[in-house]
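Notes to accompany the following structure.
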Amino acid sequence: MIENARSLNIVASLILLVGMVYILGPLYLTLATATQSYEFLLRNGLAWYPGDQFFNNVARIFTETRIPIQMFNSLAVAFSLAIATCILSFLSAYAIVYFRIRWAGVAFALILATIMLPVDIRVITTYQVASNVFSPVNALLDVSGLNGLIAGIFGAPVQLELSVLNTHFGLIAPLAAHGTGTFLFRQFFRTLPGDLFKAARMDGAGPIRFMVDILLPLSRTSFAALFVLTFLSGWTQYLWPLVASSTPDMQTAVVGLARLLPDSEGEVPDFPMIMAGAVIVSLVPLLMIALLQRYLVQGLVLSEK
Amino acid sequence: MTSESTLFSNRWLPVLLVAPFMLLIVLFFYVPIFQAFYWSFFLEQPFGGGSMFVGLDNFARVLSDREFWQAGWRTIVFMVTASSLAVLIPLILAVAADRRIRLSLPARNVLVWPKGVAGASIGVVFAFVFNPFVGILAPLNKAFPGIWAPGIDGTDAFITLIAAHVWGGIPFNFVILLAGLQSIPRTMHQAAAMDGAGPWRRIFDVQLPLIMPQLFLTLVLEFTESVTSAFALIDTITHGGPGGATTLLVYKIYKDGFSGYDLSGASTQTAILMVFVILLTAAQFVFLGRRINYER
């Protein structure tokens with residue numbers, strides 16, 4: 001530091017300390033409560049110190065709720081979402097940056113616009129589309145008059161129907177329609193030196209070869225950053241999995257956890273068990289953050305530039 | 001940078017590369033958005049009972065509904081208070097962490113943890129922590145009965161929502177702002193100090209102006225975020241209550257559409273909300289974005 005301002009450093013330390021207590025406090029109370037019994041909670045209120053009922057509460061989560069199978073759903077959704085986002089974003093960013101195409105700007109703008117209106121805003125109509133993914137095709141056939149023609153010849157108009165609701169695909173697809181990854185890869189490609197491209201061309205590398213042998217290995221950190229970012233976002237989604245899944249066995253763990261809270265006021269809910277559920281549900285993403293923090297921070301910073 | 005003459009000139013390969021992603025985006029982003037606007041001009045029956053063109057009737061109905069205006073007003077109040085706090089608090093923390101004191105490293109680690117806790121999980125936890133009977137404020141309630149009652153008092157419920165929202169918003173904003181602060185060269189601080197600027201003065205005259213791009217970005221993203229991500233918190237902590245005091249537009253749209261089966265009304269409100277978000281983002285870019293100097 002420039003001047004040796006002890007008092008300032010103390011103030012800064014205090015601020016950071018308060019910030020850490022704000023973050024860790026609720027987490028600690030969650031953990032402490034998860035180790036107490038329901039009777040303890042009713043008697044003493046909030047648990048400031050851990051008890052010995054943790055495994056009991058966890059066992060009840062595993063036997064009395066659907067959280068175990070919902071954890072599997074969360075894992076499947078978050079993992080496939082992250083993989084799909086990585087692949088689709090990489091391919092589209094590659095096409096936009098490295099090909100001489102007139103529509104590159106338009107395509108990029110169309111992709112980027114998805115960042116502005118997240119799925120939570122357009123949930124009503126996204127749900128309708130997911131309930132029949134062919135509805136746009138049907139509408140096109142109707143509007144263009146083709147369906148009238150078909151009805152005249154074959155006796156009935158074409159009405160295709162396929163619902164992706166309550167499937168893993170349906171849980172993932174609307175979340176994958178998001179442009180952050182393409183943006184991230186485009187920014188990264190543009191930082192690469194142009195000579196790289198020229199040298200590869202001179203050595204006779206075609207587009208596929210250039211992508212697989214040169215771009216792919218160079219993008220390893222970007223992939224890791226995007227993967228961590230989308231995995232966490234997939235795991236923590238709430239509104240879309242809530243409406244897109246109609247049976248408890250298809251819900252994600254976060255939705256299942258929220259369903260443990262009773263809808264009506266009145267009796268004090270079984271908070272120790274619910275908190276044990278919160279611990280279990282948050283364990284995977286928190287572990288991921290602990291292990292891959294470098295990539296997460298990189299991803300957050302990269303997605304900004 | 002690659003110049004124009006040194007790009008691949010294949011015609012169909014780039015189409016093939018972009019097509020899968022484009023298809024996904026058109027189907028699950030542009031079609032729903034188009035449909036929201038389309039439906040706002042039709043009276044739609046639930047369960048495919050057919051539809052009828054009604055012109056601006058839906059808008060007239062929604063705009064004359066008192067509940068809509070209340071929900072809209074609450075959305076704006078939440079947006080302004082929650083998102084300014086969700087930027088201000090990480091900013092203070094980032095300035096403190098940038099002093100490179102002993103606590104900086106553990107703080108940088110801990111402050112990104114909320115990124116792994118889902119909005120709904122935060123909601124479940126905060127619903128417990130701020131529970132008036134067993135929560136952290138229960139002792140206060142024993143001393144002064146009724147001072148903390150989020151189940152009855154709308155303001156208390158609102159405060160709980162904001163506290164939970166800020167908690168979840170810290171990681172992203174903190175990381176972005178700290179990265180901005182750390183990219184300021186040390187020599188700048190030294191030069192300013194040599195000219196007699198104290199630490200406070202340097203915060204306002206050196207650090208803040210230089211991280212304007214980051215501040216701008218976090219604010220823009222935070223505004224949209226606060227409009228949308230509040231849903232998980234509301235659905236777990238307050239259920240829109242008490243007496244509708246925490247029913248923001250996202251929650252009202254969900255209730256109208258999925259519980260009330262009022263598809264036209266929900267679509268119309270969705271359309272209005274989308275226009276609002278787009279205008280807000282555009283306005284921020286026009287009024288704030290222009291004044292920011294991105295050059296260092």
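By order in the structure tokens, chains are A, B, ...; within a chain, residues start at 1; ligands start at 1, following the order shown.
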
**OP:** Excluding B:Val277 and residues on its chain fewer than 6 positions from it, collect all residues at most 12 Å away from it, counting only C-alpha atoms, and give them as a list in words.
**Re:** Ala113, Ile115, Met116, Leu117, Pro118, Ile121 and Arg122 of chain A; Thr75, Ile76, Met79, Val220, Leu221, Glu222, Phe223, Thr224, Glu225, Ser226, Val227, Thr228, Leu249, Thr270, Ala271, Ala283 and Gln284 of chain B

**OP:** Taking only C-alpha atoms into account, report as a ChimeraX atom specification which residues of chain A lie within 6 Å of chain B.
**Re:** /A:12,45-46,88,91-92,95,98-100,120,125-126,174,177,193-194,236,282,285-286,301

Original post:
Counting only C-alpha atoms, what is within 9 Å of A:Gln159, bar same-chain residues fewer than 2 positions away, as JSON, numbers by chain?
Top reply: {"A": [134, 135, 137, 138, 147, 156, 157, 161]}

Original post:
Quick one: distance from atom CA of A:Phe188 to atom CA of B:Pro185 in Å, one decimal?
Top reply: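 Rounded to one decimal, the two atoms are 23.2 Å apart.
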
**OP:** Run DSSP on the backbone and give me the residues of stretch 20-238 of chain B it puts in strand (DSSP E or B), as a PyMOL selection string.
**Re:** chain B and resi 42-44+51-53

Subject >> Residue nearest B:Thr268 among B:Phe204, B:Phe53, B:Tyr38, B:Phe158 (counting only C-alpha atoms) >> reply: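 Residue with the minimum atom-to-atom distance to B:Thr268: B:Tyr38.
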
Original post:
Could you name the residues that touch A:Leu171 at 7 Å or less, counting only C-alpha atoms, but leaving out those on the same chain fewer than 5 positions away, as an NGL selection string?
Top reply: :A and (77 or 241 or 244)

Subject >> For atom CA of A:Asn9 and atom CA of A:Val21, the interatomic separation in Å (one decimal) >> reply: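 Separation between atom CA of A:Asn9 and atom CA of A:Val21: 18.1 Å.
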
**OP:** Please identify all polymer residues within 7 Å of stretch 61-74 of chain B, counting only C-alpha atoms, omitting same-chain residues fewer than 6 positions from it, and present them as a PyMOL selection string.
**Re:** chain B and resi 247-249+265

Would you mind exporting N, CA and C atoms of the selected residues as a compact mmCIF listing (two decimals), in the first residue's frame?
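Wrote it out as part_37.txt, contents follow:
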# COMPACT_ATOMS: atom_id res chain seq x y z
N THR B 247 -46.15 -9.12 -4.20
CA THR B 247 -46.48 -9.65 -5.53
C THR B 247 -45.87 -8.73 -6.58
N LEU B 248 -44.68 -9.10 -7.07
CA LEU B 248 -44.08 -8.36 -8.17
C LEU B 248 -44.67 -8.89 -9.48
N LEU B 249 -44.38 -8.18 -10.57
CA LEU B 249 -45.00 -8.56 -11.85
C LEU B 249 -44.70 -9.99 -12.27
N GLY B 265 -54.35 -12.42 -20.48
CA GLY B 265 -53.91 -11.43 -19.52
C GLY B 265 -52.43 -11.60 -19.19

Determine, counting only C-alpha atoms, which protein, DNA and RNA residues have an atom within 9 Å of an atom of stretch 48-57 of chain A; residues of the same chain fewer than 4 positions away are not included. Present the result as a JSON list (two decimals) with C-alpha atoms, in the first residue's frame.
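Wrote it out as result17.json, contents follow:
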[["chain", "number", "residue", "atom", "x", "y", "z"],
["A", 28, "TYR", "CA", -23.79, -21.69, 9.31],
["A", 29, "LEU", "CA", -27.30, -21.43, 10.75],
["A", 31, "LEU", "CA", -25.84, -26.32, 8.91],
["A", 32, "ALA", "CA", -26.36, -25.95, 12.66],
["A", 33, "THR", "CA", -30.13, -26.32, 12.39],
["A", 34, "ALA", "CA", -29.73, -29.35, 10.14],
["A", 35, "THR", "CA", -28.01, -31.09, 13.05],
["A", 36, "GLN", "CA", -30.81, -30.47, 15.57],
["A", 37, "SER", "CA", -34.09, -32.20, 16.14],
["A", 61, "ILE", "CA", -34.49, -36.59, 3.44],
["A", 62, "PHE", "CA", -33.39, -39.76, 1.67],
["A", 272, "PRO", "CA", -34.19, -29.17, 10.72],
["A", 273, "MET", "CA", -35.16, -31.64, 7.99],
["A", 274, "ILE", "CA", -35.66, -28.87, 5.41],
["A", 275, "MET", "CA", -32.27, -27.38, 6.29],
["A", 276, "ALA", "CA", -30.68, -30.80, 5.93],
["A", 277, "GLY", "CA", -32.25, -30.86, 2.47]]

Please list as a PDB file with C-alpha atoms, in the first residue's frame every residue within 8 Å of stretch 248-251 of chain A, counting only C-alpha atoms and excluding residues in the same chain fewer than 5 positions away.
ATOM      1  CA  ARG A  66     -37.993 -37.468  -3.547  1.00  0.00           C
ATOM      2  CA  ILE A  69     -34.029 -38.862  -7.557  1.00  0.00           C
ATOM      3  CA  GLN A  70     -34.418 -35.110  -7.957  1.00  0.00           C
ATOM      4  CA  ASN A  73     -32.414 -34.847 -12.374  1.00  0.00           C
ATOM      5  CA  ASN A 166     -41.856 -33.297 -18.292  1.00  0.00           C
ATOM      6  CA  THR A 167     -38.799 -34.557 -20.195  1.00  0.00           C
ATOM      7  CA  HIS A 168     -35.148 -33.832 -19.544  1.00  0.00           C
ATOM      8  CA  PRO A 241     -38.012 -26.563 -13.920  1.00  0.00           C
ATOM      9  CA  LEU A 242     -41.012 -25.781 -11.714  1.00  0.00           C
ATOM     10  CA  GLY A 256     -38.167 -30.374  -4.608  1.00  0.00           C
TER      11      GLY A 256
END

Original post:
DSSP on the backbone: what in stretch 54-273 of chain B comes out alpha helix (DSSP H), as number ranges by chain?
Top reply: B: 57-63, 66-97, 104-110, 119-129, 138-143, 154-182, 186-194, 199-202, 208-210, 212-228, 230-233, 249-254, 263-273
